[in-house]
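Just below is one structure, and these are the notes that go with it.
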Amino acid sequence: MDWVLYRILIDTETAGTTDAPIVYDIGWVVADKDFNIVKSYQALVSETWHGNADLMKTCYYAEKLPLYYAELANRSLTIEPLITIWREFARDCETYKIREVWAHNAVFDRKALNNTIKLYSNGFCGFFVPYGVQWHCTQALAAETICKLQKYFQFCVENKLLTETGKLPTNAQAVYGFLINDASFQEEHTALSDCIIELKILQEGKRRKHKKATTIPARGAWQRPQKKFQEWLKKFQKSIDKSNESE
């Protein structure tokens, strides 16, 4: 039985390098045990958004600017100091008795959030998530469940979604596209919108989760379905070859 009553799914958009990412957009949703959203939050980080013009040049965000400006104009999005965002997150963790925080590729989001709060607090605070709240990864969960389905293999091959090196994708865009049966689906790549699609991945992954499936954040989570996929791909290609020979 799942003992968690509420969980948070969080997402970040960052500038800088992958080794030292700095958050400029952060969003999260609080979901109940039935995966209903009971609260959503998003804000732009003022220290990054306003105070680091050169830093912002390093991120891929130009195409998203109209979205941000529209939401700022209708007041559905605000620009806040990181300390304000951090306090809101801590308040939600306390209010909803959060024990789990999830992210797709949680290794990166955890690094980005910790790096950003350490930078803007001048080293006073080194961790964004409160003590006792555990990080979990929807990519790791999906890699152990959804991404090992033969239907997912076929969906990715037939829609040419494999990576440049022929690997099976485990990113949120491909997995969510499979769940809604839309290979043309494109992530918006803004923090809150990505949280919402990743919540669907979490829900489906939890439904399919087996005892050995781990949700611990790991850099190599994407590798977990690759062996099974390659074995399936060889059989799939053989069946195509036989079909072509018989024509």
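Identifiers in the structure tokens: chain A, B, ... in order shown; residue index from 1 per chain; ligand index from 1 in order shown.
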Quick one: residues within 12 Å of Arg219 in chain A, only C-alpha atoms counted, chain neighbours fewer than 5 positions away excluded, as a PyMOL selection string?
chain A and resi 104-111+137+139-140+224
How about saving the chosen residues, C-alpha atoms kept, as a compact mmCIF listing (two decimals), in the first residue's frame?
# COMPACT_ATOMS: atom_id res chain seq x y z
CA HIS A 104 12.09 13.71 -14.34
CA ASN A 105 15.87 13.27 -14.33
CA ALA A 106 15.89 14.23 -10.66
CA VAL A 107 19.69 14.13 -10.52
CA PHE A 108 19.77 17.29 -12.62
CA ASP A 109 16.93 19.17 -10.90
CA ARG A 110 18.37 18.40 -7.48
CA LYS A 111 21.76 19.68 -8.57
CA CYS A 137 12.92 10.17 -10.20
CA GLN A 139 12.68 8.93 -15.41
CA ALA A 140 14.04 6.05 -13.31
CA ARG A 224 17.87 0.40 -17.91
For range 154-165 of chain A, find every residue with an atom within 10 Å (counting only C-alpha atoms), except residues of its own chain fewer than 5 positions away, and show them as a PyMOL selection string.
chain A and resi 147+149+170+174-175+177-178+181-184+229+232-233+236
For C-alpha atoms, I'd like the residues from the last selection saved as a PDB file, in the first residue's frame.
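In the end it all went to result05.pdb:
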ATOM      1  CA  CYS A 147       9.975   2.154 -21.329  1.00  0.00           C
ATOM      2  CA  LEU A 149       6.999  -2.252 -22.857  1.00  0.00           C
ATOM      3  CA  THR A 170      13.418   7.909 -21.798  1.00  0.00           C
ATOM      4  CA  ALA A 174       8.754  10.706 -25.696  1.00  0.00           C
ATOM      5  CA  VAL A 175       7.189   8.878 -22.752  1.00  0.00           C
ATOM      6  CA  GLY A 177       3.780  11.174 -26.255  1.00  0.00           C
ATOM      7  CA  PHE A 178       3.463   7.394 -25.996  1.00  0.00           C
ATOM      8  CA  ASN A 181      -0.480   8.157 -28.476  1.00  0.00           C
ATOM      9  CA  ASP A 182       0.848  11.323 -30.102  1.00  0.00           C
ATOM     10  CA  ALA A 183       4.370  11.062 -31.510  1.00  0.00           C
ATOM     11  CA  SER A 184       4.288  14.716 -32.528  1.00  0.00           C
ATOM     12  CA  PHE A 229      15.075  -2.884 -26.370  1.00  0.00           C
ATOM     13  CA  TRP A 232      13.484  -6.741 -29.239  1.00  0.00           C
ATOM     14  CA  LEU A 233      14.865  -4.615 -32.089  1.00  0.00           C
ATOM     15  CA  PHE A 236      11.683  -6.858 -35.039  1.00  0.00           C
TER      16      PHE A 236
END
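Here CA of Ile98 in chain A is placed at a distance of 6.0 Å from CA of Tyr6 in chain A.
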Using only C-alpha atoms, the best pick from A:Ala103, A:Ala53, A:Ala142, A:Cys93 as closest to Glu204 in chain A would be A:Ala142
Tell me, as a count of residues only, which residues lie within 8 Å of Asn114 in chain A, counting only C-alpha atoms; anything in the same chain fewer than 5 positions away does not count.
3
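All residues of protein, DNA or RNA that reach within 9 Å of Tyr176 in chain A, judged by only C-alpha atoms and not counting those fewer than 2 positions away in the chain, are Asn171, Ala172, Gln173, Ala174, Phe178, Leu179, Ile180, Asn181, Asp182, Phe185, Ile197, Glu198, Lys200 and Ile201 of chain A.
Closest approach to Asn115 in chain A among A:Ala90, A:Val129, A:Tyr69, A:Thr145 is made by A:Val129 (distances from only C-alpha atoms).
Among the residues of range 29-239 of chain A, backbone DSSP assigns strand (DSSP E or B) to Val29, Val30, Ala31, Asp32, Ile37, Val38, Lys39, Ser40, Tyr41, Gln42, Ala43, Leu44, Val45, Thr78, Ile79, Glu80, Glu100, Val101, Trp102, Ala103, Gln134, Trp135, His136 and Cys137 of chain A.
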So that I have them on file, write out the residues from the current selection with C-alpha atoms, as a PDB file, in the first residue's frame.
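Dumped to result.pdb:
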ATOM      1  CA  VAL A  29       2.458  20.579  -8.285  1.00  0.00           C
ATOM      2  CA  VAL A  30       1.202  18.991  -5.093  1.00  0.00           C
ATOM      3  CA  ALA A  31      -0.741  15.830  -5.911  1.00  0.00           C
ATOM      4  CA  ASP A  32      -2.812  13.579  -3.672  1.00  0.00           C
ATOM      5  CA  ILE A  37      -3.465  18.263  -8.328  1.00  0.00           C
ATOM      6  CA  VAL A  38      -4.373  20.098  -5.132  1.00  0.00           C
ATOM      7  CA  LYS A  39      -1.941  22.978  -5.605  1.00  0.00           C
ATOM      8  CA  SER A  40       0.297  24.301  -8.366  1.00  0.00           C
ATOM      9  CA  TYR A  41       3.004  26.961  -8.202  1.00  0.00           C
ATOM     10  CA  GLN A  42       5.375  28.615 -10.653  1.00  0.00           C
ATOM     11  CA  ALA A  43       7.674  31.617 -10.472  1.00  0.00           C
ATOM     12  CA  LEU A  44      10.645  33.076 -12.275  1.00  0.00           C
ATOM     13  CA  VAL A  45      13.732  33.555 -10.124  1.00  0.00           C
ATOM     14  CA  THR A  78       5.286  36.206 -11.054  1.00  0.00           C
ATOM     15  CA  ILE A  79       8.965  37.020 -10.650  1.00  0.00           C
ATOM     16  CA  GLU A  80      10.113  36.340  -7.094  1.00  0.00           C
ATOM     17  CA  GLU A 100       8.556  12.589  -1.527  1.00  0.00           C
ATOM     18  CA  VAL A 101       9.621  15.108  -4.146  1.00  0.00           C
ATOM     19  CA  TRP A 102       9.739  13.832  -7.723  1.00  0.00           C
ATOM     20  CA  ALA A 103      11.354  15.126 -10.895  1.00  0.00           C
ATOM     21  CA  GLN A 134      13.354  12.173  -0.216  1.00  0.00           C
ATOM     22  CA  TRP A 135      14.105  12.716  -3.888  1.00  0.00           C
ATOM     23  CA  HIS A 136      12.594  10.302  -6.421  1.00  0.00           C
ATOM     24  CA  CYS A 137      12.918  10.174 -10.201  1.00  0.00           C
TER      25      CYS A 137
END
As an exercise, work out the distance from CA of Tyr60 in chain A to CA of Ala15 in chain A in Å and give it to one decimal place.
7.9 Å
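Minimum atom-to-atom distances from A:Lys211, A:Trp86, A:Ala221, A:Arg75 to Ala143 in chain A were compared using only C-alpha atoms, and the lowest value belongs to A:Ala221.
Remark: for Phe153 in chain A, the closest of the candidate residues A:Leu72, A:Leu168, A:Ala213, A:Ile10 is A:Leu168 (distances computed over only C-alpha atoms).
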Residues of range 168-210 of chain A in helix (DSSP H, G or I) according to DSSP, as a PyMOL selection string?
chain A and resi 172-179+191-208
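We find CA of Phe35 in chain A and CA of Ile196 in chain A to be spaced 10.4 Å apart.
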